[in-house]
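The structure appears below as structure tokens.
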Amino acid sequence: LLVDLTECTFIDSSGLEVLALASWRLAADDSRRQLVVVSPRSAVRRILDLTGMDHIVTVRDSREQAAPAMNGGPPQKQQAQAWPERVSG
């Protein structure tokens, strides 16, 4: 699944959660499927790097660079940890 963040200028914890959950759901359905984030601006790329999200989703600078990952290319850098359950109340 390709997520183009070309026009995204900001991402917060809610956006990071959506990316992580989508990535884990894809992998749970088929270990060969992965979420690829494309063209994040420098501020968004920095958040992805600082939070470790770049270890959960594949990040590429262009659609052309994303093509190998979309066509069953190499797996993500490392296996993601389980997402913690939400605490209610």
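Labels used: A, B, ... for chains in the order of the structure tokens, numbers from 1 for residues in each chain, and numbers from 1 for ligands as shown.
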
Neighbour list for Arg46 (chain A) as a PDB file with N, CA and C atoms, in the first residue's frame, cut-off 12 Å, only C-alpha atoms, skip fewer than 3 positions in-chain:
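Writing done, so here's selection13.pdb:
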```
ATOM      1  N   THR A   9       2.354  18.422   5.608  1.00  0.00           N
ATOM      2  CA  THR A   9       3.332  19.309   6.240  1.00  0.00           C
ATOM      3  C   THR A   9       3.483  19.044   7.734  1.00  0.00           C
ATOM      4  N   PHE A  10       2.610  18.201   8.305  1.00  0.00           N
ATOM      5  CA  PHE A  10       2.634  17.934   9.739  1.00  0.00           C
ATOM      6  C   PHE A  10       2.031  16.560   9.996  1.00  0.00           C
ATOM      7  N   ILE A  11       2.587  15.850  10.961  1.00  0.00           N
ATOM      8  CA  ILE A  11       2.001  14.585  11.376  1.00  0.00           C
ATOM      9  C   ILE A  11       2.116  14.486  12.891  1.00  0.00           C
ATOM     10  N   ASP A  12       1.038  14.070  13.534  1.00  0.00           N
ATOM     11  CA  ASP A  12       1.049  13.929  14.990  1.00  0.00           C
ATOM     12  C   ASP A  12       0.877  12.465  15.365  1.00  0.00           C
ATOM     13  N   PRO A  40       7.883  12.127   2.021  1.00  0.00           N
ATOM     14  CA  PRO A  40       7.581  12.994   3.168  1.00  0.00           C
ATOM     15  C   PRO A  40       8.476  14.228   3.139  1.00  0.00           C
ATOM     16  N   ARG A  41       7.895  15.366   3.475  1.00  0.00           N
ATOM     17  CA  ARG A  41       8.685  16.591   3.581  1.00  0.00           C
ATOM     18  C   ARG A  41       9.650  16.439   4.752  1.00  0.00           C
ATOM     19  N   SER A  42      10.640  17.311   4.828  1.00  0.00           N
ATOM     20  CA  SER A  42      11.695  17.149   5.819  1.00  0.00           C
ATOM     21  C   SER A  42      11.166  17.125   7.260  1.00  0.00           C
ATOM     22  N   ALA A  43      10.171  17.961   7.581  1.00  0.00           N
ATOM     23  CA  ALA A  43       9.631  17.980   8.946  1.00  0.00           C
ATOM     24  C   ALA A  43       8.915  16.667   9.271  1.00  0.00           C
ATOM     25  N   ASP A  49      11.520   9.511  11.574  1.00  0.00           N
ATOM     26  CA  ASP A  49      12.813   9.014  12.043  1.00  0.00           C
ATOM     27  C   ASP A  49      12.919   9.043  13.564  1.00  0.00           C
ATOM     28  N   LEU A  50      12.535  10.160  14.177  1.00  0.00           N
ATOM     29  CA  LEU A  50      12.661  10.316  15.636  1.00  0.00           C
ATOM     30  C   LEU A  50      11.791   9.341  16.416  1.00  0.00           C
ATOM     31  N   THR A  51      10.641   9.013  15.870  1.00  0.00           N
ATOM     32  CA  THR A  51       9.718   8.126  16.572  1.00  0.00           C
ATOM     33  C   THR A  51       9.971   6.648  16.272  1.00  0.00           C
ATOM     34  N   GLY A  52      10.878   6.358  15.349  1.00  0.00           N
ATOM     35  CA  GLY A  52      11.134   4.979  14.971  1.00  0.00           C
ATOM     36  C   GLY A  52      10.132   4.433  13.974  1.00  0.00           C
ATOM     37  N   MET A  53       9.259   5.271  13.487  1.00  0.00           N
ATOM     38  CA  MET A  53       8.258   4.827  12.520  1.00  0.00           C
ATOM     39  C   MET A  53       8.922   4.342  11.233  1.00  0.00           C
ATOM     40  N   ASP A  54      10.123   4.836  10.949  1.00  0.00           N
ATOM     41  CA  ASP A  54      10.834   4.378   9.755  1.00  0.00           C
ATOM     42  C   ASP A  54      11.270   2.921   9.873  1.00  0.00           C
ATOM     43  N   VAL A  59      10.020   3.854   4.104  1.00  0.00           N
ATOM     44  CA  VAL A  59       9.961   5.258   3.692  1.00  0.00           C
ATOM     45  C   VAL A  59      10.872   5.438   2.483  1.00  0.00           C
TER      46      VAL A  59
END
```

Every residue of region 4-76 of chain A that DSSP places in strand (DSSP E), as a list in words: Asp4, Val36, Val37, Val38, Thr58, Val59 and Arg60 of chain A

Now that the selection is made, can you save its residues with N, CA, C and O atoms as a compact mmCIF listing (two decimals), in the first residue's frame?
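Generated output (out39.txt):
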```txt
# COMPACT_ATOMS: atom_id res chain seq x y z
N ASP A 4 1.23 8.46 -0.17
CA ASP A 4 1.99 9.60 -0.68
C ASP A 4 1.80 10.78 0.26
O ASP A 4 0.71 11.32 0.38
N VAL A 36 4.18 1.52 2.30
CA VAL A 36 5.31 2.33 1.85
C VAL A 36 4.89 3.79 1.86
O VAL A 36 3.93 4.16 1.21
N VAL A 37 5.62 4.59 2.63
CA VAL A 37 5.37 6.04 2.70
C VAL A 37 6.32 6.70 1.71
O VAL A 37 7.52 6.42 1.70
N VAL A 38 5.76 7.58 0.89
CA VAL A 38 6.53 8.22 -0.18
C VAL A 38 6.55 9.73 -0.01
O VAL A 38 5.53 10.34 0.35
N THR A 58 8.04 1.33 5.46
CA THR A 58 9.12 1.63 4.52
C THR A 58 8.94 3.06 4.06
O THR A 58 7.84 3.47 3.69
N VAL A 59 10.02 3.85 4.10
CA VAL A 59 9.96 5.26 3.69
C VAL A 59 10.87 5.44 2.48
O VAL A 59 12.03 5.04 2.51
N ARG A 60 10.33 6.02 1.42
CA ARG A 60 11.09 6.27 0.20
C ARG A 60 10.89 7.73 -0.22
O ARG A 60 9.86 8.33 0.05
```

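Comparing A:Ser39, A:Ser23, A:Asp30, A:Arg45 by their smallest distance to Ser62 (chain A), the closest is A:Ser39 (using only C-alpha atoms).
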
Find, counting only C-alpha atoms, the residue in A:Leu16, A:Leu1, A:Leu35, A:Leu26 that gets nearest to Val57 (chain A). A:Leu35

Compare A:Ile56, A:Leu2, A:Ala67, A:Glu7 by their minimum atom-to-atom distance to Val44 (chain A), counting only C-alpha atoms, and give me the closest one.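 The answer is A:Glu7, which sits nearest to Val44 (chain A).
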
What is the distance between CA of Ser31 (chain A) and CA of Cys8 (chain A), in Å to one decimal?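 Separating CA of Ser31 (chain A) from CA of Cys8 (chain A) is a distance of 27.7 Å.
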